[in-house]
Each structure stands twice: as C-alpha cells, then as structure tokens.
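Enquirer: Quick one: the structure is below, and I'll ask about it shortly.
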Amino acid sequence: MRIRIRRKRQKIQKFFLFTSTVYLCFLLFAAVGSSYLAPHSPTTQNLNQRLLPPFTEGKILGTDDLGRDIWSRIVYGTRSLLLIGTVSVGIALAGGLVMGILAGAIGGIVDSFIMLLMDGILSFPTVLLAITVVSVLGYGLVQVTVALGIVFIPVFARLVRAETISRLTEGYVESSRALGTPFPKILLRHVLPNMMPDLIAQSTVTFALVVVIEASLSFLGLGTQPPEPSWGLMLKESRNFLYQAPWMAIFPGLALAATVFSFNYLGDYLSEQLNPQRW
Amino acid sequence: MASVSSPLESGPTVFLSGQKGLRIPFFILLLRKSIRLFLTMLLIPTVVFFVLRIIPGDPALVVAGFDAPPEVVENLRSKLGTNRPPLEQYEEWILSVAQLEFGTSLISNEPVLKLILDRFPLTLSLAVAGMLCALLIAIPLGVMSAVRRWTLWDYGGMVFSQIGISLPSFWLGIILLLLFAVKYPLFPLFGGDSPWHLVLPSVALGINRGAVLLRLVRTAMIEELGKEYIITARSKGLPELVVRYRHALRNALLPVLTIAGIQFGYMLGGAIILEQVFSLPGLGRLILSAVFQRDFPVIQGGTLFVAAVFSLVNFLVDLLYSLVNPRIRVG
C-alpha cells in the first residue's frame with residue numbers, strides 16, 4: 001500500500017514537472033510570438049466592448065474596463081515579465097558573483113566589509129527596499145528591473161562566497177595552485193564550474209520571486225506604466241471593477257500563480273537533482 | 001525544503017538534528033548577538049542613506065519637479081540638506097537617527113515619527129494576525145502530514161503547500177475580496193478600523209506563509225518521531241496522542257517557531273502590499289503615498305523604521321530560540 005502510494009507520488013511529481021516545463025515553454029513561445037497567439041492588440045481601446053464576460057463576441061477571456069482583450073493583454077504581458085525576470089536575475093547573478101568571489105577569495109577586511117554590506121541589504125524586507133530604490137530611480141520598467149537586480153545581489157553573494165571558500169580549500173585546488181596555475185584560471189576551471197548547479201537552482205527560485213515582486217510593484221503603480229500590458233498592472237486595474245468584472249482579476253492572477261508555481265517547482269527539482277548529497 | 005537559500009529562509013542557523021557544538025554561556029551569547037544587532041542598526045540607516053542619496057538623482061529636483069525655478073530647487077536642497085558634502089550629510093543623518101529625529105513631512109509638516117507611530121499599530125496587528133493564521137494552518141496540517149506519512153493526507157498537504165507558496169498574497173487578497181466581500185458579503189469590502197477588517201488580509205497573508213511553514217513542521221515532526229526518546233515513550237505504554245503531541249510536537253515546534261519569527265519580518269513586507277489591496281490605513285500606505293508625493297523624509301523614516309523592527313524581531317527570535325534550546329548555543 002505504502003509503496004504504491006509512494007510510486008503514485010513520484011508519478012504526480014513527474015506530472016507537475018512536466019506541466020511546469022510545458023507551461024514555461026508556452027510562456028517563452030507567447031513572449032516571442034505574441035502577435036500569433038493574440039487575436040487583438042493589447043492596447044487598442046474599444047469602448048463599445050467594455051467589461052465583456054469571457055467567451056462573448058470572440059473574446060476568450062473577456063474584456064477590461066476599456067474594452068481591451070484580456071487574453072491578448074496576458075499574452076503580451078509575458079514579454080515584460082520574462083524580460084524583467086531575466087535581466088534582474090542577470091544583474092543579481094553578476095553582482096553576486098563579483099561580490100561573492102571577492103569576499104571569498106580575498107578574505108580578511110574585504111570579506112568583512114562586503115558581507116556587512118550584504119547583511120545590511122538583507123535586513124530590509126525585499127519589497128520595501130525595492131519600493132525605496134524605485135522612489136529614487138523613478139517608476140517604470142527599467143527602474144524596477146534595476147531595483148530588483150540590486151535587491152537580490154546579497155542572496156547570490158552569500159552563496160558564491162560560501163562555495164568559493166569551500167572550493168578553494170579543497171585538495172585538488174590546492175595542488176593545482178602548488179603547480180603554479182594562475183589564480184584567475186583556478187577560478188574559471190575549478191571554482192566557477194562547481195558552483196554552477198547551485199547558481200542555476202538559485203536563479204530559478206529567484207526568478208519566481210522577482211516575478212512576484214515585479215507584479216506587486218506594478219500592482220502598487222510603481223512598475224510597468226499604463227497602457228503597457230503587465231499582469232500586475234491588470235490586477236491593479238481590476239480592483240475597481242470587482243463587482244462588474246471579476247474575470248479581470250481572476251485570469252492575470254492565475255497566469256501569475258502558474259508562472260511562480262512552475263519556476264518554484266523547477267527550482268526545487270533542480271536543486272534536488274543537481275545536489276543529491278544534500279538531500 | 002530546498003537547500004538553496006531564498007531570502008525567505010535565511011536567518012539564524014537551525015539544526016533539525018541534534019548537532020553538537022561548543023556550549024557558550026548565555027550572557028556571552030547575549031553580548032555577541034547584541035553587538036551584531038547594534039552593527040545592523042548602524043548599517044540600516046547607512047543603506048537607507050546610500051540608496052536615497054548616493055544613487056544618481058537629485059531628490060530636491062525630483063520633489064520640486066524638473067521644470068521648477070532654480071531658486072525653489074536650491075531652497076529645497078538646503079531644506080533636505082542635500083547641498084552639503086556627502087560625508088557631512090551622512091554624519092548628520094546618523095546623529096539625527098540616533099536621537100530618533102526623522103524630520104518633518106514635506107507635505108503635511110507633521111513630525112515623521114508621529115506619522116509612523118500613528119500608522120504602525122495597524123500594520124503590526126495585520127502581521128501578527130497573519131502569523132497566527134499561518135501557524136493555525138501549518139501546525140495541524142504539518143503534523144497530520146508527518147504522522148500519516150505517504151498517505152493521501154500527506155500528499156494533500158504537500159500539494160497545498162506547493163500551491164500556497166506560489167499564490168501571490170496580493171492576488172489571494174483580491175480573490176478573497178471577490179468571494180467573501182463581493183459574492184457573499186460576509187466581510188467589509190474596503191478600509192476600516194474594526195478587527196473584522198483584518199480577517200481577510202490576514203488569511204491572505206497566512207495562507208502564503210503557512211504553506212512555507214507547513215513543509216517545515218512536517219520535516220521537523222518526522223525527524224522527531226524517528227528519535228529514540230519516542231520509542232522509549234511508546235514502550236512505556238504512553239498513549240500515542242501523548243507521545244505525538246506532548247513529546248514530539250513540542251520539540252518539533254522549536255525550529256518552526258524560529259523560522260516563523262523570521263517570516264514575521266517578511267509579514268511586515270507583505271502587509272505593505274495587502275494594505276493597498278484592502279485600503280487599510282497602515283504604514284505601507286503611508287510609505288507608498290510618500291513615494292507618490294515624493295515626500296522624502298517620510299520614505300526615509302518609514303523604511304528605516306520597518307527595517308529596524310524587522311532586525312529587532314530577528315534578534316529577539318534568535319535569542320529566544322537559543323534560550324529555549326540550549327543545544328544550539330554555538331558560536
């Protein structure tokens with residue numbers, strides 16, 4: 001009985017993994033080929049077709065308060081979503097690598113200073129720090145992307161630092177150093193490749209977080225500015241039409257939740273697969 | 001739980017299994033942690049300063065508007081103190097923070113500290129209520145999953161936690177509003193000051209965090225149930241209920257409560273967004289409207305205040321944990 005349920009569990013895990021991957025591929029496809037998937041323009045207003053419920057007049061998911069097709073807006077919203085996620089995680093990854101390697105490889109005062117700074121950043125709730133950074137940089141897509149990149153640097157820096165320190169003290173690295181291998185080459189040959197699995201898993205999980213926070217910021221009115229299609233912005237607009245048009249709130253949120261779920265699931269799976277010894 | 005560190009799970013080291021280390025007297029631990037807290041408290045205003053002053057951009061110009069006459073901008077610069085050398089500004093900023101002097105709002109001319117303290121109770125009660133919700137969800141479901149491992153209960157718990165983690169709490173808030181304020185009007189739609197208004201937002205906060213804690217309760221409980229003292233307790237003939245709830249659960253809750261404490265800080269961050277969803281006049285709305293009105297002293301003070309509370313909570317949780325569980329008094 002128990003073994004059967006455990007097998008069933010594995011089957012269900014595989015099912016989740018499959019759906020997550022398919023969904024993410026679909027997102028990518030939607031971002032690249034938005035114009036093929038979306039029957040209408042995401043920004044063209046049509047006041048004769050305001051607040052149409054789903055499946056009427058050829059609008060699969062209905063229309064919003066300005067008569068824009070919700071399905072098309074969701075499809076076009078994937079562009080900014082993937083762009084922000086990729087660039088923010090890229091900034092965080094690059095910053096984290098530089099900081100982490102500097103801290104881990106040099107040690108001493110440099111290490112203490114960098115880690116103190118990183119701890120300082122970590123002592124703020126992420127959303128709050130992002131809001132503060134955006135308040136200086138101004139609102140908008142680019143600003144939010146940069147803000148989120150900065151906010152997540154410490155997460156990567158800690159990981160990279162720990163990995164650098166542990167790799168540098170390993171036997172094969174020390175012997176390689178004794179043979180006179182230059183330091184940058186050691187970093188490239190031994191340290192970096194060994195931390196790749198962790199970095200990939202961490203990036204996937206961070207991607208999910210970035211997506212949520214970007215949506216939250218857009219929801220607050222700090223992120224993507226109208227009329228550009230963004231899921232967070234759509235949720236913000238839906239708030240005034242809860243009585244008349246609940247579909248305005250339901251569909252973008254479902255798309256968002258599914259995205260976060262897929263990235264989280266994939267991240268968990270990757271860290272499990274790439275690091276079997278830790279489990 | 002994933003081995004990668006997401007900011008949701010970083011914090012004091014938690015040993016799920018009894019690892020051995022050097023024992024340190026409590027007062028030395030207290031001293032060490034206090035020094036760390038002090039450093040953090042020094043660091044927080046520094047980060048705020050760097051973010052608001054060093055990042056390119058002139059607050060005075062932003063406040064006044066880009067087409068404002070130069071003398072207005074110059075006037076604001078001297079009011080905000082941004083026309084002096086950075087080091088001098090920094091020194092003054094740290095000194096004023098040490099005296100709890102956050103300046104006055106550019107819009108309402110009220111002292112920033114008063115504005116913050118007026119709004120904070122609501123945000124705090126939202127975070128506390130959210131935490132209670134999270135624990136009410138996580139502990140029963142987590143224990144159930146652990147006790148009936150590999151059954152449908154466990155499987156259901158895991159699916160719930162996986163989905164719960166993925167639901168953005170502000171969207172959950174909107175959906176709860178749709179269901180319980182629009183479709184079935186059990187709760188008020190927007191705004192308000194009665195405890196009734198806090199129910200939906202705290203459930204929205206609680207489901208998300210509860211899903212994170214659920215996994216932790218399950219892992220900790222399974223770990224405890226496999227230990228020798230449980231076998232002893234069972235062989236003494238103690239009823240299974242006593243073994244599970246008086247012996248295992250008590251020990252399993254230790255690491256859970258620590259993580260719950262750290263999560264509490266993030267509750268504060270989540271509360272900021274949910275206040276906007278439910279139109280609650282809390283600290284989050286204060287900071288947000290300050291961002292829109294470019295009221296820099298309020299942004300500065302509010303951010304600092306939340307971060308300080310956040311660090312203080314982490315410090316207390318950390319201390320409490322090592323007090324309750326002497327096994328982890330490790331350097």
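Lettering and numbering for the structure tokens are positional, with chains as A, B, ... in the shown order, residues counted from 1 in each chain, and ligands counted from 1 in the shown order.
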List the spatial neighbours of segment 244-255 of chain A as a compact mmCIF listing (two decimals) with N, CA and C atoms, in the first residue's frame - criterion: any atom at most 10 Å away, only C-alpha atoms, same-chain residues fewer than 3 positions off excluded.

Expert:
```
# COMPACT_ATOMS: atom_id res chain seq x y z
N TYR A 23 4.43 24.63 -19.38
CA TYR A 23 3.91 25.98 -19.17
C TYR A 23 4.98 27.03 -19.44
N LEU A 27 5.13 30.03 -22.13
CA LEU A 27 5.40 31.43 -21.82
C LEU A 27 6.41 32.01 -22.79
N ARG A 50 -16.80 47.24 -23.59
CA ARG A 50 -16.30 47.30 -22.22
C ARG A 50 -16.82 46.13 -21.40
N LEU A 51 -15.98 45.60 -20.51
CA LEU A 51 -16.38 44.63 -19.50
C LEU A 51 -17.19 43.46 -20.04
N LEU A 52 -16.79 42.94 -21.21
CA LEU A 52 -17.48 41.78 -21.75
C LEU A 52 -17.05 40.55 -20.96
N PRO A 53 -18.00 39.69 -20.56
CA PRO A 53 -17.61 38.46 -19.86
C PRO A 53 -16.88 37.51 -20.81
N PRO A 54 -16.16 36.53 -20.26
CA PRO A 54 -15.41 35.58 -21.11
C PRO A 54 -16.34 34.88 -22.11
N LEU A 61 -11.23 35.49 -22.94
CA LEU A 61 -11.22 35.75 -21.51
C LEU A 61 -11.94 37.05 -21.16
N GLY A 62 -12.73 37.56 -22.09
CA GLY A 62 -13.46 38.78 -21.80
C GLY A 62 -12.63 40.03 -22.06
N THR A 63 -13.21 41.18 -21.72
CA THR A 63 -12.50 42.44 -21.92
C THR A 63 -12.48 43.23 -20.61
N ASP A 64 -11.60 44.24 -20.56
CA ASP A 64 -11.50 45.04 -19.34
C ASP A 64 -12.32 46.32 -19.45
N ASP A 65 -12.08 47.24 -18.53
CA ASP A 65 -12.94 48.43 -18.47
C ASP A 65 -12.79 49.34 -19.67
N ILE A 70 -8.56 40.73 -22.77
CA ILE A 70 -7.73 40.29 -21.63
C ILE A 70 -6.72 39.22 -22.05
N TRP A 71 -7.16 38.27 -22.89
CA TRP A 71 -6.25 37.22 -23.35
C TRP A 71 -5.04 37.83 -24.05
N ARG A 73 -3.84 40.80 -23.69
CA ARG A 73 -3.00 41.52 -22.73
C ARG A 73 -2.15 40.55 -21.92
N ILE A 74 -2.74 39.40 -21.58
CA ILE A 74 -1.96 38.40 -20.83
C ILE A 74 -0.80 37.91 -21.70
N VAL A 75 -1.11 37.61 -22.98
CA VAL A 75 -0.07 37.09 -23.88
C VAL A 75 1.06 38.12 -24.03
N GLY A 77 1.76 40.46 -22.01
CA GLY A 77 2.38 40.68 -20.70
C GLY A 77 3.56 39.76 -20.44
N THR A 78 3.61 38.59 -21.12
CA THR A 78 4.72 37.67 -20.91
C THR A 78 6.05 38.30 -21.31
N ALA A 215 5.27 42.03 -10.09
CA ALA A 215 3.81 42.16 -10.19
C ALA A 215 3.27 43.00 -9.04
N SER A 230 0.77 44.48 -18.44
CA SER A 230 1.56 43.79 -17.43
C SER A 230 0.57 43.16 -16.46
N TRP A 231 0.88 41.96 -15.99
CA TRP A 231 -0.10 41.23 -15.18
C TRP A 231 -0.40 41.96 -13.88
N GLY A 232 0.64 42.52 -13.27
CA GLY A 232 0.44 43.24 -12.02
C GLY A 232 -0.45 44.46 -12.24
N LEU A 233 -0.21 45.14 -13.35
CA LEU A 233 -0.99 46.33 -13.68
C LEU A 233 -2.45 45.96 -13.94
N MET A 234 -2.65 44.81 -14.62
CA MET A 234 -4.01 44.35 -14.89
C MET A 234 -4.74 44.09 -13.58
N LEU A 235 -4.02 43.54 -12.60
CA LEU A 235 -4.65 43.27 -11.30
C LEU A 235 -4.99 44.58 -10.60
N LYS A 236 -4.12 45.56 -10.76
CA LYS A 236 -4.39 46.87 -10.16
C LYS A 236 -5.67 47.46 -10.75
N GLU A 237 -5.78 47.37 -12.10
CA GLU A 237 -6.97 47.93 -12.76
C GLU A 237 -8.23 47.17 -12.39
N SER A 238 -8.06 45.86 -12.08
CA SER A 238 -9.24 45.04 -11.80
C SER A 238 -9.89 45.41 -10.48
N ARG A 239 -9.11 46.05 -9.61
CA ARG A 239 -9.56 46.25 -8.24
C ARG A 239 -10.82 47.12 -8.18
N ASN A 240 -10.97 48.03 -9.13
CA ASN A 240 -12.14 48.91 -9.11
C ASN A 240 -13.36 48.29 -9.78
N PHE A 241 -13.20 47.11 -10.37
CA PHE A 241 -14.32 46.51 -11.10
C PHE A 241 -14.65 45.12 -10.57
N ALA A 258 0.53 30.48 -11.83
CA ALA A 258 1.06 29.33 -12.55
C ALA A 258 2.54 29.54 -12.87
N THR A 259 2.91 30.77 -13.22
CA THR A 259 4.32 31.06 -13.53
C THR A 259 5.19 30.85 -12.29
N VAL A 260 4.73 31.42 -11.17
CA VAL A 260 5.50 31.28 -9.94
C VAL A 260 5.62 29.82 -9.56
N PHE A 261 4.49 29.10 -9.67
CA PHE A 261 4.49 27.68 -9.34
C PHE A 261 5.52 26.94 -10.19
N LEU B 167 0.98 31.15 -4.71
CA LEU B 167 -0.07 32.16 -4.85
C LEU B 167 0.42 33.49 -4.30
N PRO B 168 0.55 34.50 -5.14
CA PRO B 168 0.97 35.81 -4.63
C PRO B 168 -0.07 36.31 -3.64
N PHE B 170 -1.06 39.14 -2.65
CA PHE B 170 -1.97 40.24 -3.01
C PHE B 170 -3.08 39.77 -3.95
N TRP B 171 -2.75 38.78 -4.79
CA TRP B 171 -3.80 38.23 -5.65
C TRP B 171 -4.79 37.42 -4.81
N LEU B 172 -4.25 36.66 -3.87
CA LEU B 172 -5.10 35.91 -2.95
C LEU B 172 -6.04 36.86 -2.24
N ILE B 174 -7.17 39.71 -3.38
CA ILE B 174 -8.21 40.14 -4.32
C ILE B 174 -9.27 39.05 -4.46
N ILE B 175 -8.80 37.79 -4.55
CA ILE B 175 -9.75 36.69 -4.73
C ILE B 175 -10.63 36.54 -3.48
N LEU B 178 -13.19 39.09 -3.65
CA LEU B 178 -14.20 38.70 -4.63
C LEU B 178 -15.20 37.73 -4.02
N LEU B 179 -14.65 36.72 -3.29
CA LEU B 179 -15.51 35.68 -2.76
C LEU B 179 -16.31 36.14 -1.55
N VAL B 182 -17.65 40.44 -2.16
CA VAL B 182 -18.49 40.79 -3.30
C VAL B 182 -19.58 39.74 -3.50
N LYS B 183 -19.16 38.48 -3.65
CA LYS B 183 -20.14 37.42 -3.94
C LYS B 183 -20.97 37.10 -2.70
```

Enquirer: Residues of segment 201-300 of chain B that approach segment 157-165 of chain B to 10 Å or less, counting only C-alpha atoms: could you list each one with the shortest pair of atoms and its distance in Å to one decimal, rows by chain and increasing residue number, as a Markdown table?

Expert:
```
| residue | atom | partner | partner_atom | distance |
| --- | --- | --- | --- | --- |
| B:Gly206 | CA | B:Gly164 | CA | 9.6 |
| B:Ile207 | CA | B:Gly164 | CA | 6.2 |
| B:Asn208 | CA | B:Gly164 | CA | 5.2 |
| B:Arg209 | CA | B:Ile165 | CA | 7.2 |
| B:Gly210 | CA | B:Ser161 | CA | 7.8 |
| B:Ala211 | CA | B:Ser161 | CA | 4.2 |
| B:Val212 | CA | B:Ile165 | CA | 6.3 |
| B:Leu213 | CA | B:Ser161 | CA | 8.5 |
| B:Leu214 | CA | B:Ser161 | CA | 6.6 |
| B:Arg215 | CA | B:Ser161 | CA | 7.0 |
| B:Arg218 | CA | B:Gly157 | CA | 9.2 |
```

Enquirer: What's around Arg36 of chain B at 9 Å? Count only C-alpha atoms, leave out sequence neighbours fewer than 5 positions away in its own chain, and write the answer as a VMD selection string.

Expert: chain B and resid 31 41 315

Enquirer: At a cut-off of 12 Å, using only C-alpha atoms, what residues contact Leu222 of chain A? Leave out same-chain residues fewer than 6 positions from it and give the result as a count of residues only.

Expert: 31

Enquirer: Could you list, as a ChimeraX atom specification, every residue within 12 Å of segment 83-99 of chain B, counting only C-alpha atoms and ignoring same-chain residues fewer than 2 positions away?

Expert: /B:38,41-50,52-55,58-61,73-81,101-103,112-113,297,300-301,304-305,308

Enquirer: Nearest to Arg119 of chain B among B:Ile262, B:Leu286, B:Leu257, B:Ala68, with distances taken over only C-alpha atoms: which residue is it?

Expert: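 Closest to Arg119 of chain B, using only C-alpha atoms: B:Leu286.
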
Enquirer: Distance atom CA of Val309 of chain B-atom CA of Met118 of chain A, one decimal place?

Expert: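 Computing the Euclidean distance for atom CA of Val309 of chain B and atom CA of Met118 of chain A yields 18.3 Å.
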
Enquirer: Counting only C-alpha atoms, figure out which residue out of B:Cys133, B:Val128, B:Leu320, B:Leu176 gets nearest to chain A.

Expert: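 Checking each of B:Cys133, B:Val128, B:Leu320, B:Leu176 against chain A, counting only C-alpha atoms, the winner is B:Leu176.
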
Enquirer: Atom CA of Val217 of chain B to atom CA of Arg234 of chain B: how many Å, to one decimal?

Expert: 21.3 Å

Enquirer: Would you work out the distance separating atom CA of Ile106 of chain A from atom CA of Ile165 of chain A, expressed in Å to one decimal?

Expert: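 We find that atom CA of Ile106 of chain A and atom CA of Ile165 of chain A lie 9.7 Å from each other.
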
Enquirer: Residues within 9 Å of Phe16 of chain A, please, as a short mmCIF file (atom, residue, chain, number, x, y, z; two decimals) with all heavy atoms, in the first residue's frame. Count only C-alpha atoms; anything in the same chain fewer than 4 positions from it doesn't count.

Expert:
```cif
data_model
loop_
_atom_site.label_atom_id
_atom_site.label_comp_id
_atom_site.auth_asym_id
_atom_site.auth_seq_id
_atom_site.Cartn_x
_atom_site.Cartn_y
_atom_site.Cartn_z
N LYS A 11 4.82 9.62 -9.53
CA LYS A 11 4.11 9.88 -10.78
C LYS A 11 3.58 11.30 -10.78
O LYS A 11 3.69 12.01 -11.77
CB LYS A 11 2.94 8.91 -10.91
CG LYS A 11 3.16 7.80 -11.89
CD LYS A 11 1.86 7.06 -12.11
CE LYS A 11 2.10 5.75 -12.83
NZ LYS A 11 0.94 4.87 -12.73
N ILE A 12 2.99 11.69 -9.64
CA ILE A 12 2.40 13.02 -9.58
C ILE A 12 3.48 14.09 -9.65
O ILE A 12 3.32 15.11 -10.31
CB ILE A 12 1.53 13.14 -8.31
CG1 ILE A 12 0.27 12.33 -8.55
CG2 ILE A 12 1.17 14.59 -8.02
CD1 ILE A 12 -0.54 12.07 -7.36
N SER A 20 4.91 22.01 -15.47
CA SER A 20 5.68 23.23 -15.26
C SER A 20 6.53 23.56 -16.48
O SER A 20 6.54 24.69 -16.96
CB SER A 20 6.60 23.09 -14.05
OG SER A 20 5.88 22.78 -12.92
N THR A 21 7.22 22.51 -16.98
CA THR A 21 8.09 22.74 -18.12
C THR A 21 7.30 23.18 -19.34
O THR A 21 7.67 24.13 -20.04
CB THR A 21 8.89 21.47 -18.45
OG1 THR A 21 9.28 20.87 -17.23
CG2 THR A 21 10.11 21.77 -19.26
N SER A 262 5.50 27.20 -11.50
CA SER A 262 6.41 26.47 -12.39
C SER A 262 7.86 26.74 -12.06
O SER A 262 8.68 25.82 -11.98
CB SER A 262 6.13 26.86 -13.84
OG SER A 262 4.80 26.66 -14.15
N TYR A 265 8.73 25.12 -8.71
CA TYR A 265 8.80 23.68 -8.79
C TYR A 265 10.08 23.24 -9.50
O TYR A 265 10.79 22.36 -9.04
CB TYR A 265 7.58 23.13 -9.54
CG TYR A 265 7.31 21.70 -9.19
CD1 TYR A 265 6.61 21.38 -8.04
CD2 TYR A 265 7.82 20.68 -9.98
CE1 TYR A 265 6.41 20.07 -7.68
CE2 TYR A 265 7.61 19.36 -9.62
CZ TYR A 265 6.91 19.07 -8.47
OH TYR A 265 6.73 17.76 -8.11
#
```

Enquirer: Excluding Glu223 of chain B and any residue of its chain fewer than 3 positions from it, enumerate the residues within 10 Å of it, using only C-alpha atoms, and give them as a PDB file with N, CA and C atoms, in the first residue's frame.

Expert:
```
ATOM      1  N   LEU B  16      18.144  20.863  12.544  1.00  0.00           N
ATOM      2  CA  LEU B  16      16.990  19.999  12.717  1.00  0.00           C
ATOM      3  C   LEU B  16      17.393  18.750  13.478  1.00  0.00           C
ATOM      4  N   SER B  17      18.611  18.285  13.264  1.00  0.00           N
ATOM      5  CA  SER B  17      19.047  17.125  14.030  1.00  0.00           C
ATOM      6  C   SER B  17      20.018  17.637  15.083  1.00  0.00           C
ATOM      7  N   ALA B 146       2.944  14.543   8.723  1.00  0.00           N
ATOM      8  CA  ALA B 146       4.077  13.796   9.274  1.00  0.00           C
ATOM      9  C   ALA B 146       3.598  12.482   9.885  1.00  0.00           C
ATOM     10  N   VAL B 217       7.156  22.153   9.411  1.00  0.00           N
ATOM     11  CA  VAL B 217       6.543  21.388  10.501  1.00  0.00           C
ATOM     12  C   VAL B 217       6.635  19.905  10.165  1.00  0.00           C
ATOM     13  N   ARG B 218       6.346  19.586   8.910  1.00  0.00           N
ATOM     14  CA  ARG B 218       6.359  18.183   8.512  1.00  0.00           C
ATOM     15  C   ARG B 218       7.754  17.583   8.706  1.00  0.00           C
ATOM     16  N   THR B 219       8.771  18.267   8.143  1.00  0.00           N
ATOM     17  CA  THR B 219      10.146  17.751   8.254  1.00  0.00           C
ATOM     18  C   THR B 219      10.551  17.602   9.713  1.00  0.00           C
ATOM     19  N   ALA B 220      10.288  18.634  10.515  1.00  0.00           N
ATOM     20  CA  ALA B 220      10.717  18.614  11.909  1.00  0.00           C
ATOM     21  C   ALA B 220      10.009  17.505  12.678  1.00  0.00           C
ATOM     22  N   GLY B 226      11.188  10.018  14.670  1.00  0.00           N
ATOM     23  CA  GLY B 226      12.116   8.924  14.437  1.00  0.00           C
ATOM     24  C   GLY B 226      13.164   8.801  15.538  1.00  0.00           C
ATOM     25  N   LYS B 227      13.094   9.639  16.559  1.00  0.00           N
ATOM     26  CA  LYS B 227      14.149   9.627  17.571  1.00  0.00           C
ATOM     27  C   LYS B 227      13.899   8.590  18.654  1.00  0.00           C
ATOM     28  N   ALA B 248       6.725  14.740  20.886  1.00  0.00           N
ATOM     29  CA  ALA B 248       7.314  15.060  19.578  1.00  0.00           C
ATOM     30  C   ALA B 248       7.019  16.482  19.140  1.00  0.00           C
ATOM     31  N   ASN B 251       9.063  19.412  20.712  1.00  0.00           N
ATOM     32  CA  ASN B 251      10.433  19.577  20.211  1.00  0.00           C
ATOM     33  C   ASN B 251      10.450  20.011  18.756  1.00  0.00           C
ATOM     34  N   ALA B 252       9.462  19.513  18.013  1.00  0.00           N
ATOM     35  CA  ALA B 252       9.437  19.843  16.588  1.00  0.00           C
ATOM     36  C   ALA B 252       9.132  21.321  16.381  1.00  0.00           C
TER      37      ALA B 252
END
```
